[in-house]
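Enquirer: CSV, C-alpha atoms, saved as start07.csv, coming up:
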chain,number,residue,atom,x,y,z
A,24,VAL,CA,0.0,0.0,0.0
A,25,THR,CA,1.2,3.5,-0.8
A,26,ASP,CA,0.2,6.7,0.9
A,27,SER,CA,1.9,9.6,-0.8
A,28,PRO,CA,1.2,11.5,-4.0
A,29,HIS,CA,4.6,10.4,-5.2
A,30,ASP,CA,3.8,6.7,-4.9
A,31,MET,CA,0.5,7.3,-6.6
A,32,LEU,CA,2.3,9.1,-9.4
A,33,VAL,CA,4.7,6.3,-10.0
A,34,GLU,CA,1.8,3.8,-10.2
A,35,HIS,CA,-0.1,6.0,-12.6
A,36,LEU,CA,3.1,6.4,-14.7
A,37,GLN,CA,3.4,2.6,-14.9
A,38,GLU,CA,-0.2,2.3,-15.9
A,39,ALA,CA,0.2,4.9,-18.6
A,40,HIS,CA,3.3,3.2,-19.8
A,41,ALA,CA,1.5,-0.2,-20.0
A,42,MET,CA,-1.4,1.5,-21.8
A,43,GLU,CA,0.9,2.9,-24.5
A,44,GLN,CA,2.4,-0.5,-25.0
A,45,ALA,CA,-1.1,-2.0,-25.4
A,46,VAL,CA,-2.0,0.8,-27.8
A,47,MET,CA,1.1,-0.1,-29.9
A,48,ARG,CA,-0.1,-3.7,-30.3
A,49,MET,CA,-3.5,-2.4,-31.2
A,50,LEU,CA,-2.1,0.0,-33.8
A,51,ASP,CA,0.0,-2.8,-35.3
A,52,SER,CA,-3.1,-4.9,-35.7
A,53,MET,CA,-5.1,-2.0,-37.2
A,54,ILE,CA,-2.3,-1.2,-39.6
A,55,SER,CA,-2.3,-4.8,-40.9
A,56,GLU,CA,-6.1,-4.7,-41.4
A,57,THR,CA,-6.3,-1.3,-43.1
A,58,LYS,CA,-6.5,-1.2,-46.8
A,59,ALA,CA,-6.8,2.6,-47.5
A,60,PRO,CA,-3.3,3.9,-47.9
A,61,ASP,CA,-3.9,7.3,-46.4
A,62,ILE,CA,-5.5,5.8,-43.3
A,63,ARG,CA,-2.6,3.4,-43.0
A,64,ASP,CA,-0.2,6.3,-43.1
A,65,GLU,CA,-2.1,8.1,-40.3
A,66,LEU,CA,-2.0,5.0,-38.2
A,67,ARG,CA,1.8,4.6,-38.8
A,68,HIS,CA,2.3,8.2,-37.9
A,69,HIS,CA,0.4,7.7,-34.7
A,70,ARG,CA,2.4,4.6,-34.0
A,71,GLU,CA,5.5,6.7,-34.1
A,72,GLU,CA,3.9,9.2,-31.7
A,73,THR,CA,2.9,6.3,-29.4
A,74,GLU,CA,6.5,5.0,-29.3
A,75,ARG,CA,7.6,8.5,-28.3
A,76,HIS,CA,5.0,8.6,-25.6
A,77,GLU,CA,6.2,5.4,-24.2
A,78,ARG,CA,9.8,6.6,-24.2
A,79,LEU,CA,8.9,9.8,-22.4
A,80,LEU,CA,7.0,7.8,-19.8
A,81,THR,CA,9.9,5.4,-19.3
A,82,GLU,CA,12.2,8.4,-18.8
A,83,ARG,CA,9.9,9.8,-16.1
A,84,LEU,CA,9.7,6.3,-14.4
A,85,VAL,CA,13.5,6.1,-14.4
A,86,ALA,CA,13.7,9.6,-12.9
A,87,HIS,CA,11.6,8.3,-10.1
A,88,GLY,CA,13.9,5.3,-9.6
A,89,SER,CA,11.3,2.9,-11.1
A,90,THR,CA,11.0,0.8,-14.2
A,91,PRO,CA,8.1,0.0,-16.5
A,92,SER,CA,8.8,-3.7,-17.0
A,93,ARG,CA,6.6,-5.4,-14.5
A,94,PHE,CA,3.4,-4.3,-16.0
A,95,LYS,CA,4.3,-5.0,-19.6
A,96,GLN,CA,2.0,-7.9,-20.1
A,97,SER,CA,-0.8,-6.8,-17.9
A,98,LEU,CA,-2.9,-4.7,-20.1
A,99,THR,CA,-5.1,-5.3,-23.1
A,100,ILE,CA,-6.9,-2.6,-25.0
A,101,GLY,CA,-9.3,-3.2,-27.7
A,102,GLY,CA,-12.7,-3.5,-29.0
A,103,ALA,CA,-13.6,-6.0,-26.4
A,104,LEU,CA,-16.0,-3.5,-25.0
A,105,VAL,CA,-18.4,-3.6,-27.8
A,106,LYS,CA,-18.7,-7.0,-29.1
A,107,GLY,CA,-21.0,-9.9,-29.0
A,108,VAL,CA,-23.0,-9.7,-32.2
A,109,GLY,CA,-21.9,-13.2,-32.8
A,110,ASP,CA,-23.7,-14.6,-35.8
A,111,LYS,CA,-22.4,-12.1,-38.2
A,112,VAL,CA,-19.8,-13.0,-40.8
A,113,ARG,CA,-19.0,-9.5,-42.0
A,114,SER,CA,-16.0,-8.0,-40.2
A,115,GLU,CA,-16.7,-4.3,-40.8
A,116,LYS,CA,-13.1,-3.6,-40.1
A,117,PRO,CA,-12.9,0.1,-41.1
A,118,LEU,CA,-15.9,1.0,-39.0
A,119,ARG,CA,-14.9,-1.1,-36.0
A,120,ASN,CA,-11.3,0.0,-36.0
A,121,ALA,CA,-12.5,3.6,-36.2
A,122,ARG,CA,-14.8,3.1,-33.2
A,123,ASP,CA,-12.2,1.2,-31.2
A,124,GLY,CA,-9.6,3.8,-32.1
A,125,PHE,CA,-11.8,6.7,-31.0
A,126,MET,CA,-12.6,4.9,-27.7
A,127,THR,CA,-8.9,4.2,-27.1
A,128,GLU,CA,-7.8,7.8,-27.8
A,129,HIS,CA,-10.3,8.9,-25.1
A,130,ILE,CA,-9.0,6.3,-22.6
A,131,GLU,CA,-5.6,7.8,-23.2
A,132,ILE,CA,-6.9,11.4,-22.9
A,133,ALA,CA,-8.5,10.5,-19.6
A,134,VAL,CA,-5.3,8.8,-18.3
A,135,TYR,CA,-3.2,11.8,-19.2
A,136,GLU,CA,-5.7,14.3,-17.8
A,137,LEU,CA,-5.4,12.4,-14.5
A,138,LEU,CA,-1.6,11.8,-14.7
A,139,GLU,CA,-1.0,15.5,-15.3
A,140,ARG,CA,-2.9,16.4,-12.1
A,141,ILE,CA,-1.4,13.6,-10.0
A,142,ALA,CA,2.0,14.8,-11.1
A,143,GLU,CA,1.2,18.4,-10.1
A,144,ARG,CA,0.0,17.2,-6.7
A,145,ALA,CA,3.3,15.4,-6.3
A,146,GLY,CA,5.3,18.4,-7.4
A,147,ASP,CA,6.6,16.8,-10.6
A,148,GLU,CA,6.2,19.5,-13.3
A,149,GLU,CA,8.2,17.5,-15.8
A,150,THR,CA,5.8,14.6,-15.8
A,151,ALA,CA,2.8,17.0,-15.9
A,152,GLU,CA,4.3,18.4,-19.1
A,153,VAL,CA,4.9,15.0,-20.6
A,154,ALA,CA,1.2,14.2,-19.9
A,155,ARG,CA,0.0,17.4,-21.5
A,156,ARG,CA,2.2,16.8,-24.6
A,157,ASN,CA,1.2,13.2,-25.1
A,158,ARG,CA,-2.5,14.1,-24.6
A,159,ALA,CA,-2.3,16.7,-27.3
A,160,ASP,CA,-1.3,14.0,-29.8
A,161,GLU,CA,-4.2,11.8,-28.6
A,162,GLU,CA,-6.6,14.6,-29.0
A,163,ALA,CA,-5.4,15.3,-32.5
A,164,MET,CA,-5.8,11.6,-33.4
A,165,ALA,CA,-9.3,11.5,-31.9
A,166,GLU,CA,-10.2,14.6,-34.0
A,167,LYS,CA,-8.9,12.9,-37.2
A,168,ILE,CA,-11.1,9.9,-36.5
A,169,ALA,CA,-14.1,12.0,-35.6
A,170,SER,CA,-14.0,14.0,-38.8
A,171,ASN,CA,-14.1,10.8,-40.9
A,172,TRP,CA,-17.1,8.8,-39.6
A,173,ASP,CA,-18.8,9.0,-43.0
A,174,ARG,CA,-15.8,7.7,-44.8
A,175,PHE,CA,-15.5,4.7,-42.4
A,176,VAL,CA,-19.1,3.8,-43.1
A,177,THR,CA,-18.5,4.1,-46.9
A,178,LEU,CA,-15.3,2.0,-46.7
A,179,THR,CA,-17.1,-0.7,-44.7
A,180,LEU,CA,-20.0,-0.9,-47.2
A,181,GLU,CA,-17.5,-1.2,-50.0
A,182,GLU,CA,-15.4,-3.9,-48.4
A,183,GLU,CA,-18.5,-5.9,-47.4
A,184,GLY,CA,-20.0,-5.5,-50.9
A,185,ILE,CA,-23.1,-3.9,-49.5
A,186,ALA,CA,-25.0,-1.9,-52.0
A,187,ALA,CA,-26.9,1.3,-51.2
A,188,PRO,CA,-30.7,1.0,-51.5
A,189,ASP,CA,-32.2,2.1,-54.8
B,10,VAL,CA,-24.7,-13.1,-43.6
B,11,THR,CA,-26.5,-9.9,-44.5
B,12,ASP,CA,-25.9,-7.8,-47.5
B,13,SER,CA,-28.1,-4.7,-47.3
B,14,PRO,CA,-27.8,-1.4,-45.4
B,15,HIS,CA,-31.1,-2.3,-43.8
B,16,ASP,CA,-29.7,-5.6,-42.3
B,17,MET,CA,-26.6,-3.8,-41.2
B,18,LEU,CA,-28.8,-1.1,-39.5
B,19,VAL,CA,-30.7,-3.7,-37.5
B,20,GLU,CA,-27.5,-5.3,-36.3
B,21,HIS,CA,-26.1,-1.9,-35.2
B,22,LEU,CA,-29.4,-1.1,-33.5
B,23,GLN,CA,-29.1,-4.3,-31.6
B,24,GLU,CA,-25.5,-3.6,-30.7
B,25,ALA,CA,-26.4,0.0,-29.5
B,26,HIS,CA,-29.2,-1.5,-27.5
B,27,ALA,CA,-27.0,-4.0,-25.8
B,28,MET,CA,-24.4,-1.3,-25.2
B,29,GLU,CA,-27.0,0.9,-23.4
B,30,GLN,CA,-28.0,-2.1,-21.2
B,31,ALA,CA,-24.3,-2.7,-20.3
B,32,VAL,CA,-24.0,1.0,-19.5
B,33,MET,CA,-27.0,0.8,-17.2
B,34,ARG,CA,-25.3,-1.9,-15.2
B,35,MET,CA,-22.1,0.1,-15.1
B,36,LEU,CA,-24.0,3.2,-13.9
B,37,ASP,CA,-25.6,1.2,-11.1
B,38,SER,CA,-22.3,0.0,-9.9
B,39,MET,CA,-20.8,3.6,-10.1
B,40,ILE,CA,-23.8,5.0,-8.2
B,41,SER,CA,-23.3,2.5,-5.4
B,42,GLU,CA,-19.6,3.4,-5.2
B,43,THR,CA,-20.0,7.1,-5.3
B,44,LYS,CA,-20.0,9.1,-2.0
B,45,ALA,CA,-20.2,12.7,-3.2
B,46,PRO,CA,-24.0,13.5,-3.4
B,47,ASP,CA,-23.8,15.8,-6.3
B,48,ILE,CA,-21.9,13.3,-8.5
B,49,ARG,CA,-24.3,10.6,-7.4
B,50,ASP,CA,-27.2,12.8,-8.6
B,51,GLU,CA,-25.5,13.3,-12.0
B,52,LEU,CA,-25.0,9.6,-12.3
B,53,ARG,CA,-28.7,9.0,-11.5
B,54,HIS,CA,-29.7,11.6,-14.0
B,55,HIS,CA,-27.6,10.0,-16.6
B,56,ARG,CA,-29.1,6.6,-15.7
B,57,GLU,CA,-32.6,8.0,-16.5
B,58,GLU,CA,-31.2,9.2,-19.8
B,59,THR,CA,-29.8,5.8,-20.5
B,60,GLU,CA,-33.1,4.1,-19.9
B,61,ARG,CA,-34.7,6.5,-22.4
B,62,HIS,CA,-32.0,5.8,-24.9
B,63,GLU,CA,-32.6,2.1,-24.5
B,64,ARG,CA,-36.4,2.6,-25.0
B,65,LEU,CA,-35.9,4.6,-28.1
B,66,LEU,CA,-33.6,2.0,-29.6
B,67,THR,CA,-36.1,-0.8,-28.7
B,68,GLU,CA,-38.8,1.2,-30.6
B,69,ARG,CA,-36.6,1.5,-33.6
B,70,LEU,CA,-35.9,-2.3,-33.5
B,71,VAL,CA,-39.6,-3.1,-33.2
B,72,ALA,CA,-40.2,-0.7,-36.2
B,73,HIS,CA,-37.9,-3.0,-38.2
B,74,GLY,CA,-39.6,-6.1,-37.0
B,75,SER,CA,-36.8,-7.1,-34.7
B,76,THR,CA,-36.3,-7.4,-31.0
B,77,PRO,CA,-33.4,-6.5,-28.7
B,78,SER,CA,-33.6,-9.6,-26.6
B,79,ARG,CA,-31.0,-12.0,-28.0
B,80,PHE,CA,-28.0,-9.7,-27.4
B,81,LYS,CA,-29.0,-8.8,-23.9
B,82,GLN,CA,-26.3,-10.7,-22.2
B,83,SER,CA,-23.6,-10.4,-24.7
B,84,LEU,CA,-21.9,-7.2,-23.8
B,85,THR,CA,-19.7,-6.0,-21.1
B,86,ILE,CA,-18.5,-2.5,-20.7
B,87,GLY,CA,-16.1,-1.3,-18.1
B,88,GLY,CA,-12.7,-0.4,-17.0
B,89,ALA,CA,-11.3,-3.7,-18.1
B,90,LEU,CA,-9.2,-1.8,-20.6
B,91,VAL,CA,-7.0,-0.2,-18.1
B,92,LYS,CA,-6.3,-2.5,-15.3
B,93,GLY,CA,-3.6,-4.7,-14.2
B,94,VAL,CA,-1.7,-2.8,-11.6
B,95,GLY,CA,-2.4,-5.6,-9.4
B,96,ASP,CA,-0.5,-5.2,-6.2
B,97,LYS,CA,-2.2,-2.0,-5.1
B,98,VAL,CA,-4.7,-2.0,-2.3
B,99,ARG,CA,-6.1,1.5,-2.9
B,100,SER,CA,-9.2,1.5,-5.0
B,101,GLU,CA,-9.1,5.0,-6.3
B,102,LYS,CA,-12.8,4.8,-7.1
B,103,PRO,CA,-13.6,8.5,-7.9
B,104,LEU,CA,-10.7,8.7,-10.3
B,105,ARG,CA,-11.2,5.3,-11.9
B,106,ASN,CA,-15.0,5.7,-12.3
B,107,ALA,CA,-14.4,9.1,-13.9
B,108,ARG,CA,-11.9,7.6,-16.4
B,109,ASP,CA,-14.1,4.6,-17.1
B,110,GLY,CA,-17.1,6.9,-17.5
B,111,PHE,CA,-15.3,9.2,-19.9
B,112,MET,CA,-14.2,6.3,-22.0
B,113,THR,CA,-17.7,4.8,-22.0
B,114,GLU,CA,-19.3,8.0,-23.1
B,115,HIS,CA,-16.9,8.1,-26.0
B,116,ILE,CA,-17.7,4.5,-27.0
B,117,GLU,CA,-21.3,5.6,-27.0
B,118,ILE,CA,-20.6,8.7,-29.0
B,119,ALA,CA,-18.8,6.6,-31.6
B,120,VAL,CA,-21.6,4.0,-31.8
B,121,TYR,CA,-24.2,6.7,-32.3
B,122,GLU,CA,-22.1,8.6,-34.9
B,123,LEU,CA,-21.9,5.4,-36.9
B,124,LEU,CA,-25.5,4.4,-36.3
B,125,GLU,CA,-26.7,7.8,-37.5
B,126,ARG,CA,-24.9,7.3,-40.8
B,127,ILE,CA,-25.8,3.7,-41.3
B,128,ALA,CA,-29.5,4.7,-40.7
B,129,GLU,CA,-29.1,7.4,-43.3
B,130,ARG,CA,-27.7,5.0,-45.8
B,131,ALA,CA,-30.7,2.7,-45.1
B,132,GLY,CA,-33.1,5.6,-45.5
B,133,ASP,CA,-34.3,5.5,-41.9
B,134,GLU,CA,-34.3,9.1,-40.8
B,135,GLU,CA,-36.1,8.3,-37.6
B,136,THR,CA,-33.3,6.1,-36.3
B,137,ALA,CA,-30.8,8.7,-37.5
B,138,GLU,CA,-32.6,11.3,-35.3
B,139,VAL,CA,-32.6,8.9,-32.3
B,140,ALA,CA,-28.9,8.4,-32.7
B,141,ARG,CA,-28.3,12.2,-32.8
B,142,ARG,CA,-30.4,12.8,-29.7
B,143,ASN,CA,-28.9,10.0,-27.7
B,144,ARG,CA,-25.5,11.2,-28.7
B,145,ALA,CA,-26.2,14.7,-27.5
B,146,ASP,CA,-26.8,13.3,-24.0
B,147,GLU,CA,-23.6,11.3,-24.1
B,148,GLU,CA,-21.6,14.4,-25.2
B,149,ALA,CA,-23.1,16.4,-22.4
B,150,MET,CA,-22.1,13.7,-19.9
B,151,ALA,CA,-18.6,13.5,-21.3
B,152,GLU,CA,-18.3,17.2,-20.9
B,153,LYS,CA,-19.3,17.1,-17.3
B,154,ILE,CA,-16.7,14.5,-16.5
B,155,ALA,CA,-14.0,16.4,-18.5
B,156,SER,CA,-14.7,19.6,-16.5
B,157,ASN,CA,-14.0,17.8,-13.2
B,158,TRP,CA,-10.7,15.9,-13.5
B,159,ASP,CA,-9.2,18.0,-10.7
B,160,ARG,CA,-12.1,17.2,-8.4
B,161,PHE,CA,-11.9,13.5,-9.1
B,162,VAL,CA,-8.2,13.5,-8.1
B,163,THR,CA,-9.0,15.5,-4.9
B,164,LEU,CA,-11.8,13.1,-4.0
B,165,THR,CA,-9.5,10.1,-4.6
B,166,LEU,CA,-6.7,11.6,-2.4
B,167,GLU,CA,-9.2,12.3,0.3
B,168,GLU,CA,-10.8,8.8,0.2
B,169,GLU,CA,-7.4,7.1,0.2
B,170,GLY,CA,-6.1,9.4,3.0
B,171,ILE,CA,-3.2,10.5,0.9
B,172,ALA,CA,-1.8,13.8,2.1
B,173,ALA,CA,-0.4,16.5,-0.2
B,174,PRO,CA,3.4,17.0,0.1
B,175,ASP,CA,4.6,19.7,2.5
Show this structure as structure tokens.

Expert:
Amino acid sequence: VTDSPHDMLVEHLQEAHAMEQAVMRMLDSMISETKAPDIRDELRHHREETERHERLLTERLVAHGSTPSRFKQSLTIGGALVKGVGDKVRSEKPLRNARDGFMTEHIEIAVYELLERIAERAGDEETAEVARRNRADEEAMAEKIASNWDRFVTLTLEEEGIAAPD
Amino acid sequence: VTDSPHDMLVEHLQEAHAMEQAVMRMLDSMISETKAPDIRDELRHHREETERHERLLTERLVAHGSTPSRFKQSLTIGGALVKGVGDKVRSEKPLRNARDGFMTEHIEIAVYELLERIAERAGDEETAEVARRNRADEEAMAEKIASNWDRFVTLTLEEEGIAAPD
């Protein structure tokens, strides 16, 4: 059990780090499933950002005499939240990846909003700044997804061979 | 396998309905865990909205000759995405419920953004309007959470008995 803002900060840094690692695996999976070249490029760009986020979090953990390793395998992120329509053969990948991506960006935004404030309570302005910067990238990515809902539906209908009504 | 925008619409209506049911269970759990009376009131208010969302979706399913029942048990929503810091005894409920709530509102926003467009492709303006209205409630709730990150951290520190540094 911990009882200082500092201990709480280190735990939340570890959680954020594990989250970014899970996001990296999710992005790899999305990149492999995405056919549209421009969307794949955006995902690759965000994967680079995610790697940077992870590095910055690792640096802050090291600054606190900690390491990220022990939580490496403990997180999964994904579309597990909205699933269960089980008798459907269509995969609807563009649509589902967009939705899962949008959701994930907002988990990350929430994690960084909280990390920033916990860091401030612990007097660690450097971590607060990392949290703000990483969050800005997540917000930009969430915006990109949110401005393309129509296209994700169109791509899904195309991939599934579903025709518009007459 | 389905191959019309109409079939796809019905499936997404069912998914949205199952999602709202899962959200209802999540809100019940959050209400029981929340000590601050004003936050509990907000959660109760949103639970009433969620019940209305579910009813509206059921009506649209019935209008399409379908029913919501078979997916009732198939969804879970929750903080399962960001977990795994296992050796910690503190529960950090205010902070974690805020984060899970924020994430869940954005799943719902994404689901309704997509449902609205799928309904439009299927020529069902009534469902599109339900999706827009339900989404507006989710966006308002997400805003409420997002304007209170600082308070959720304060409440967590208080509940856990964690003192600020000197």

Enquirer: Return the single residue from A:Asp173, A:Glu43, A:Glu77, A:Glu139 that is closest to chain B, with distances computed using all atoms listed in the file.

Expert: A:Asp173

Enquirer: Using only C-alpha atoms, determine which residues lie at most 10 Å from segment 133-138 of chain B, disregarding the query and same-chain residues fewer than 3 positions distant; provide the list as a ChimeraX atom specification.

Expert: /B:15,18,22,65-66,68-70,72-73,121-130,141-144

Enquirer: Which value, in Å to one decimal, gives the distance between atom CA of Asp64 of chain A and atom CA of Asp160 of chain A?

Expert: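 Separation between atom CA of Asp64 of chain A and atom CA of Asp160 of chain A: 15.4 Å.
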
Enquirer: For a quick check of understanding, using only C-alpha atoms, which of B:Asp47, B:Glu168, B:Glu42, B:Glu57 has the smallest distance to chain A?

Expert: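 Ranked by minimum distance to chain A, first place goes to B:Glu168.
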
Enquirer: Hey, can you check how far atom CA of Leu104 of chain B sits from atom CA of Ile48 of chain B?

Expert: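 For atom CA of Leu104 of chain B relative to atom CA of Ile48 of chain B, the distance reads 12.2 Å.
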
Enquirer: Hey, can you check how far atom CA of Glu72 of chain A sits from atom CA of Pro60 of chain A?

Expert: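 Straight-line distance from atom CA of Glu72 of chain A to atom CA of Pro60 of chain A works out to 18.5 Å.
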
Enquirer: Considering all atoms listed in the file, can you say which of B:His21, B:Lys153, B:Arg49, B:Lys102 comes closest to chain A?

Expert: B:His21

Enquirer: Between B:Ala31, B:Ile40, B:Ile116, B:Ile154, which one has atoms that come closest to chain A, using only C-alpha atoms?

Expert: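 Counting only C-alpha atoms, the residue closest to chain A is B:Ile116.
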
Enquirer: Could you check the closest approach to Val139 of chain B for each of B:Ser38, B:His62, B:Met17, B:Thr43 and tell me which residue wins, using only C-alpha atoms?

Expert: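 Ranking B:Ser38, B:His62, B:Met17, B:Thr43 by distance to Val139 of chain B, first place goes to B:His62.
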
Enquirer: Please identify all polymer residues within 7 Å of Arg56 of chain B, counting all atoms listed in the file, omitting same-chain residues fewer than 4 positions from it, and present them as a list in words.

Expert: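 Contacts, with the query itself left out: Met33, Leu36, Leu52 and Glu60 of chain B.
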
Enquirer: Restricted to C-alpha atoms, what would the selected residues look like written as a PDB file, keeping the file's coordinate frame?

Expert:
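Final output, selection-v9.pdb:
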ATOM      1  CA  MET B  33     -27.000   0.800 -17.200  1.00  0.00           C
ATOM      2  CA  LEU B  36     -24.000   3.200 -13.900  1.00  0.00           C
ATOM      3  CA  LEU B  52     -25.000   9.600 -12.300  1.00  0.00           C
ATOM      4  CA  GLU B  60     -33.100   4.100 -19.900  1.00  0.00           C
TER       5      GLU B  60
END
